[in-house]
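S.K.: Okay, handing you the structure first.
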Amino acid sequence: MGRRRLTKWLVAALLLPILPGIPGPRAAQPSLGEKIKQVFLSPTPTPSRHRTKHKKSSPSPSVTPSPSPKGKTKSKHHSPTPSPSPSESPTPTPSPSSTPTPSPGAGSPTARVATISPNEIRDYEKNPEPVRKLLDDALSLTAQDLDYTYGSADPANGGMDCSGFIYFVLRKNGIDDVPRDASQQYVWVRKAGNFRAVLSRNPESFELDELMPGDLLFWSGTYNVERDPPVTHTMIYLGKEKASGKPIMVGSSDGRTYHGEKQFGVSVFDFKTTPAKTTGDSEKQPHFVGYAKIPGFDGGKP
């Protein structure tokens with residue numbers, strides 16, 4: 001009897017896990033397997049979290065470096081290009097313009113000159129032949145579009161100043177001892193006894209009765225300079241113009257007029273004893289001081 005019970009119990013123990021709905025002592029075995037499965041399944045989410053963190057970190061460094069170097073290279077490329085060009089270009093331009101600063105014609109416009117033919121001068125043919133040649137040489141320079149160039153006495157330089165014009169014309173006509181600047185030219189004629197002072201501002205004054213074509217004309221105060229005597233400007237008298245009947249002269253200037261229009265360079269000009277209208281520069285007061293025959297000139301009347 002004991003063996004039969006033991007056998008039945010073993011059979012029942014073996015069949016209990018197979019029959020559904022029948023609880024048995026083996027019912028706890030599947031739950032343990034499930035727990036074991038969960039243990040094996042639990043590690044899978046942990047690496048997935050690690051992968052997501054790795055994916056997020058990878059794009060961040062790739063995006064940040066790309067814009068930063070591009071922005072720096074553009075700024076470095078564009079900034080040096082404009083900066084040297086404007087800073088270097090103005091620097092050389094003032095240096096040449098500042099060199100002629102002491103000149104009375106510094107900053108004057110380019111040559112705008114007037115010229116006439118000898119036939120337009122009243123009684124030109126009555127002048128002695130040496131005077132006609134002197135005036136012809138002077139008028140030929142007015143047809144060359146020469147600027148007022150301070151310090152120049154040679155038309156090959158593109159211009160001349162007032163005393164340089166006198167120096168060039170007189171030497172071309174055999175007057176070798178003519179001084180170079182206006183002040184010394186004034187002293188030169190004064191020593192020769194040929195100078196006629198003019199105090200009147202009336203163009204019909206008796207003080208101008210001896211004025212003849214080819215005579216030298218002298219001014220003071222055309223620009224500020226320390227000279228003794230303070231003569232600063234000189235020209236050659238041409239005579240009276242046929243068309244207008246007005247006295248005219250020839251030389252180089254940086255703003256005297258011809259028929260009321262300013263000329264800049266070697267030109268024909270109106271001859272006036274009165275100063276031109278002031279342009280706001282109270283220190284610049286031109287003053288006509290007189291005229292003189294050219295010392296040692298064959299056509300003159302010393």
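Going by the structure tokens order, chains are called A, B, ..., each with residues numbered from 1, while ligands are numbered from 1 in the order shown.
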I'd like the contact shell of Gly164 (chain A) - 9 Å cut-off, only C-alpha atoms, skipping same-chain residues fewer than 6 positions apart - returned as an mmCIF file with N, CA and C atoms, in the first residue's frame.
M.R.:
```cif
data_model
loop_
_atom_site.group_PDB
_atom_site.id
_atom_site.type_symbol
_atom_site.label_atom_id
_atom_site.label_comp_id
_atom_site.auth_asym_id
_atom_site.auth_seq_id
_atom_site.Cartn_x
_atom_site.Cartn_y
_atom_site.Cartn_z
ATOM 1 N N TYR A 150 55.987 128.472 -59.579
ATOM 2 C CA TYR A 150 56.893 129.211 -58.703
ATOM 3 C C TYR A 150 58.295 128.615 -58.759
ATOM 4 N N GLY A 151 59.298 129.495 -58.907
ATOM 5 C CA GLY A 151 60.681 129.055 -58.932
ATOM 6 C C GLY A 151 61.183 128.673 -60.305
ATOM 7 N N SER A 152 60.333 128.751 -61.340
ATOM 8 C CA SER A 152 60.754 128.351 -62.679
ATOM 9 C C SER A 152 60.989 129.578 -63.553
ATOM 10 N N ALA A 153 62.081 129.533 -64.326
ATOM 11 C CA ALA A 153 62.384 130.575 -65.310
ATOM 12 C C ALA A 153 62.584 129.950 -66.686
ATOM 13 N N ASP A 154 61.990 128.774 -66.886
ATOM 14 C CA ASP A 154 62.174 128.036 -68.131
ATOM 15 C C ASP A 154 60.832 127.462 -68.578
ATOM 16 N N ARG A 180 67.401 137.554 -61.060
ATOM 17 C CA ARG A 180 66.402 136.491 -61.160
ATOM 18 C C ARG A 180 65.080 136.843 -60.501
ATOM 19 N N ASP A 181 65.059 137.501 -59.323
ATOM 20 C CA ASP A 181 63.784 137.725 -58.639
ATOM 21 C C ASP A 181 63.324 139.174 -58.795
ATOM 22 N N ALA A 182 62.038 139.389 -58.511
ATOM 23 C CA ALA A 182 61.409 140.688 -58.762
ATOM 24 C C ALA A 182 62.027 141.794 -57.924
ATOM 25 N N SER A 252 53.517 136.442 -66.178
ATOM 26 C CA SER A 252 52.970 135.241 -65.536
ATOM 27 C C SER A 252 52.335 135.628 -64.209
#
```
S.K.: Per DSSP on the backbone, filter region 112-229 of chain A down to the residues in helix (DSSP H, G or I) and report them as an MDAnalysis selection string.
M.R.: chainID A and resid 118:120 124:126 129:141 155:157 162:172 182:192 206:208
S.K.: Could you take the residues named above and write them with N, CA and C atoms, as a compact mmCIF listing (two decimals), in the first residue's frame?
M.R.:
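Listed below is the output, again06.txt:
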```txt
# COMPACT_ATOMS: atom_id res chain seq x y z
N PRO A 118 50.44 140.51 -82.25
CA PRO A 118 50.97 141.88 -82.23
C PRO A 118 50.10 142.87 -83.00
N ASN A 119 49.39 142.39 -84.03
CA ASN A 119 48.54 143.29 -84.83
C ASN A 119 47.35 143.82 -84.04
N GLU A 120 47.06 143.22 -82.88
CA GLU A 120 45.94 143.69 -82.06
C GLU A 120 46.36 144.77 -81.07
N TYR A 124 51.55 149.22 -82.85
CA TYR A 124 52.63 148.25 -82.61
C TYR A 124 53.77 148.45 -83.60
N GLU A 125 53.45 148.72 -84.85
CA GLU A 125 54.47 148.85 -85.89
C GLU A 125 55.37 150.07 -85.70
N LYS A 126 54.95 151.02 -84.86
CA LYS A 126 55.75 152.22 -84.61
C LYS A 126 56.86 151.98 -83.58
N GLU A 129 62.49 148.23 -83.75
CA GLU A 129 62.58 146.80 -84.08
C GLU A 129 62.99 145.95 -82.88
N PRO A 130 63.96 146.36 -82.02
CA PRO A 130 64.29 145.55 -80.84
C PRO A 130 63.11 145.41 -79.88
N VAL A 131 62.27 146.46 -79.76
CA VAL A 131 61.09 146.37 -78.89
C VAL A 131 60.08 145.39 -79.47
N ARG A 132 59.89 145.44 -80.78
CA ARG A 132 58.94 144.51 -81.42
C ARG A 132 59.40 143.06 -81.21
N LYS A 133 60.71 142.83 -81.35
CA LYS A 133 61.21 141.46 -81.12
C LYS A 133 61.00 141.04 -79.68
N LEU A 134 61.25 141.95 -78.75
CA LEU A 134 61.03 141.64 -77.32
C LEU A 134 59.58 141.27 -77.06
N LEU A 135 58.65 142.07 -77.62
CA LEU A 135 57.23 141.80 -77.41
C LEU A 135 56.79 140.53 -78.13
N ASP A 136 57.36 140.26 -79.30
CA ASP A 136 57.03 139.03 -80.03
C ASP A 136 57.44 137.80 -79.21
N ASP A 137 58.64 137.85 -78.63
CA ASP A 137 59.11 136.72 -77.81
C ASP A 137 58.22 136.54 -76.59
N ALA A 138 57.80 137.64 -75.99
CA ALA A 138 56.93 137.56 -74.81
C ALA A 138 55.56 137.00 -75.17
N LEU A 139 54.98 137.47 -76.29
CA LEU A 139 53.65 137.01 -76.70
C LEU A 139 53.67 135.56 -77.17
N SER A 140 54.81 135.11 -77.72
CA SER A 140 54.88 133.71 -78.17
C SER A 140 54.74 132.75 -76.99
N LEU A 141 55.20 133.16 -75.81
CA LEU A 141 55.08 132.31 -74.62
C LEU A 141 53.62 132.19 -74.17
N PRO A 155 60.37 127.80 -69.79
CA PRO A 155 59.09 127.25 -70.26
C PRO A 155 59.11 125.73 -70.42
N ALA A 156 60.31 125.14 -70.50
CA ALA A 156 60.40 123.68 -70.60
C ALA A 156 59.87 122.99 -69.36
N ASN A 157 59.75 123.72 -68.24
CA ASN A 157 59.19 123.15 -67.01
C ASN A 157 57.67 123.15 -67.01
N CYS A 162 56.51 135.06 -62.20
CA CYS A 162 56.53 136.38 -62.84
C CYS A 162 57.95 136.86 -63.16
N SER A 163 58.85 136.80 -62.18
CA SER A 163 60.21 137.25 -62.41
C SER A 163 60.98 136.29 -63.31
N GLY A 164 60.61 134.99 -63.28
CA GLY A 164 61.22 134.02 -64.18
C GLY A 164 60.87 134.31 -65.62
N PHE A 165 59.64 134.78 -65.85
CA PHE A 165 59.23 135.18 -67.20
C PHE A 165 60.09 136.34 -67.69
N ILE A 166 60.27 137.39 -66.85
CA ILE A 166 61.09 138.54 -67.22
C ILE A 166 62.53 138.11 -67.47
N TYR A 167 63.04 137.28 -66.60
CA TYR A 167 64.42 136.79 -66.71
C TYR A 167 64.63 136.07 -68.04
N PHE A 168 63.70 135.18 -68.41
CA PHE A 168 63.84 134.40 -69.64
C PHE A 168 63.75 135.29 -70.88
N VAL A 169 62.78 136.19 -70.94
CA VAL A 169 62.57 137.03 -72.13
C VAL A 169 63.74 138.00 -72.32
N LEU A 170 64.19 138.62 -71.22
CA LEU A 170 65.27 139.60 -71.34
C LEU A 170 66.60 138.94 -71.73
N ARG A 171 66.89 137.80 -71.17
CA ARG A 171 68.12 137.10 -71.54
C ARG A 171 68.06 136.63 -72.99
N LYS A 172 66.89 136.26 -73.46
CA LYS A 172 66.75 135.87 -74.86
C LYS A 172 67.01 137.06 -75.79
N ALA A 182 62.04 139.39 -58.51
CA ALA A 182 61.41 140.69 -58.76
C ALA A 182 62.03 141.79 -57.92
N SER A 183 62.35 141.51 -56.68
CA SER A 183 62.92 142.53 -55.81
C SER A 183 64.27 143.01 -56.32
N GLN A 184 65.11 142.08 -56.77
CA GLN A 184 66.43 142.46 -57.29
C GLN A 184 66.32 143.11 -58.67
N GLN A 185 65.31 142.74 -59.44
CA GLN A 185 65.07 143.42 -60.72
C GLN A 185 64.70 144.89 -60.48
N TYR A 186 63.94 145.13 -59.41
CA TYR A 186 63.58 146.50 -59.03
C TYR A 186 64.83 147.28 -58.63
N VAL A 187 65.69 146.67 -57.83
CA VAL A 187 66.95 147.32 -57.44
C VAL A 187 67.80 147.60 -58.68
N TRP A 188 67.80 146.66 -59.60
CA TRP A 188 68.60 146.77 -60.84
C TRP A 188 68.20 148.01 -61.66
N VAL A 189 66.90 148.22 -61.85
CA VAL A 189 66.46 149.39 -62.63
C VAL A 189 66.61 150.68 -61.83
N ARG A 190 66.46 150.61 -60.52
CA ARG A 190 66.64 151.80 -59.69
C ARG A 190 68.09 152.30 -59.77
N LYS A 191 69.04 151.38 -59.72
CA LYS A 191 70.45 151.76 -59.80
C LYS A 191 70.80 152.34 -61.17
N ALA A 192 70.09 151.87 -62.20
CA ALA A 192 70.34 152.39 -63.55
C ALA A 192 69.70 153.76 -63.77
N PHE A 206 49.60 161.92 -64.92
CA PHE A 206 50.81 162.35 -65.63
C PHE A 206 51.98 161.46 -65.30
N GLU A 207 51.90 160.74 -64.17
CA GLU A 207 53.00 159.87 -63.78
C GLU A 207 53.19 158.71 -64.76
N LEU A 208 52.19 158.47 -65.58
CA LEU A 208 52.27 157.38 -66.56
C LEU A 208 52.55 157.90 -67.97
```
S.K.: Expressed in Å to a single decimal, how great is the separation between CA of Gly255 (chain A) and CA of Leu238 (chain A)?
M.R.: 18.7 Å
S.K.: Could you find all residues in region 111-202 of chain A that DSSP calls strand (DSSP E or B) from the backbone, and write them as an MDAnalysis selection string?
M.R.: chainID A and resid 112 121 147:148 159:160 195:197
S.K.: Got time to write the residues from that selection, N, CA and C atoms, as a PDB file, in the first residue's frame?
M.R.:
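So part.pdb came out as:
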```pdb
ATOM      1  N   ARG A 112      45.033 128.746 -67.513  1.00  0.00           N
ATOM      2  CA  ARG A 112      43.936 129.294 -68.310  1.00  0.00           C
ATOM      3  C   ARG A 112      44.427 130.661 -68.742  1.00  0.00           C
ATOM      4  N   ILE A 121      47.634 145.162 -81.114  1.00  0.00           N
ATOM      5  CA  ILE A 121      48.143 146.214 -80.231  1.00  0.00           C
ATOM      6  C   ILE A 121      48.231 147.518 -81.027  1.00  0.00           C
ATOM      7  N   ASP A 147      51.682 127.151 -67.203  1.00  0.00           N
ATOM      8  CA  ASP A 147      51.153 127.412 -65.864  1.00  0.00           C
ATOM      9  C   ASP A 147      51.971 128.488 -65.161  1.00  0.00           C
ATOM     10  N   TYR A 148      51.409 128.970 -64.053  1.00  0.00           N
ATOM     11  CA  TYR A 148      52.217 129.756 -63.119  1.00  0.00           C
ATOM     12  C   TYR A 148      52.976 128.751 -62.254  1.00  0.00           C
ATOM     13  N   GLY A 159      55.868 125.885 -67.074  1.00  0.00           N
ATOM     14  CA  GLY A 159      55.387 127.141 -66.526  1.00  0.00           C
ATOM     15  C   GLY A 159      56.525 127.961 -65.949  1.00  0.00           C
ATOM     16  N   MET A 160      56.195 129.203 -65.573  1.00  0.00           N
ATOM     17  CA  MET A 160      57.181 130.108 -64.987  1.00  0.00           C
ATOM     18  C   MET A 160      56.486 131.008 -63.980  1.00  0.00           C
ATOM     19  N   PHE A 195      63.926 154.191 -63.234  1.00  0.00           N
ATOM     20  CA  PHE A 195      62.651 153.922 -62.575  1.00  0.00           C
ATOM     21  C   PHE A 195      61.807 155.189 -62.466  1.00  0.00           C
ATOM     22  N   ARG A 196      60.478 155.037 -62.669  1.00  0.00           N
ATOM     23  CA  ARG A 196      59.515 156.109 -62.504  1.00  0.00           C
ATOM     24  C   ARG A 196      58.480 155.662 -61.474  1.00  0.00           C
ATOM     25  N   ALA A 197      58.498 156.314 -60.335  1.00  0.00           N
ATOM     26  CA  ALA A 197      57.551 155.962 -59.270  1.00  0.00           C
ATOM     27  C   ALA A 197      56.160 156.488 -59.609  1.00  0.00           C
TER      28      ALA A 197
END
```
S.K.: To one decimal place in Å, what is the distance between CA of Thr273 (chain A) and CA of Gln144 (chain A)?
M.R.: 27.4 Å
S.K.: Would you mind listing what lies within 10 Å of Ala114 (chain A) as a VMD selection string, with only C-alpha atoms counted and same-chain residues fewer than 4 positions away left out?
M.R.: chain A and resid 139 142 to 143 145 250 257 to 259 261 to 269
S.K.: Which of these, A:Gly193, A:Pro128, A:Gly158, A:Gly260, has the shortest distance to Gly296 (chain A) once you count only C-alpha atoms?
M.R.: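 Looking only at the distances to Gly296 (chain A), the closest residue turns out to be A:Gly193.
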S.K.: Just the number, please: distance in Å from CA of Pro230 (chain A) to CA of Val289 (chain A), one decimal.
M.R.: 10.4 Å
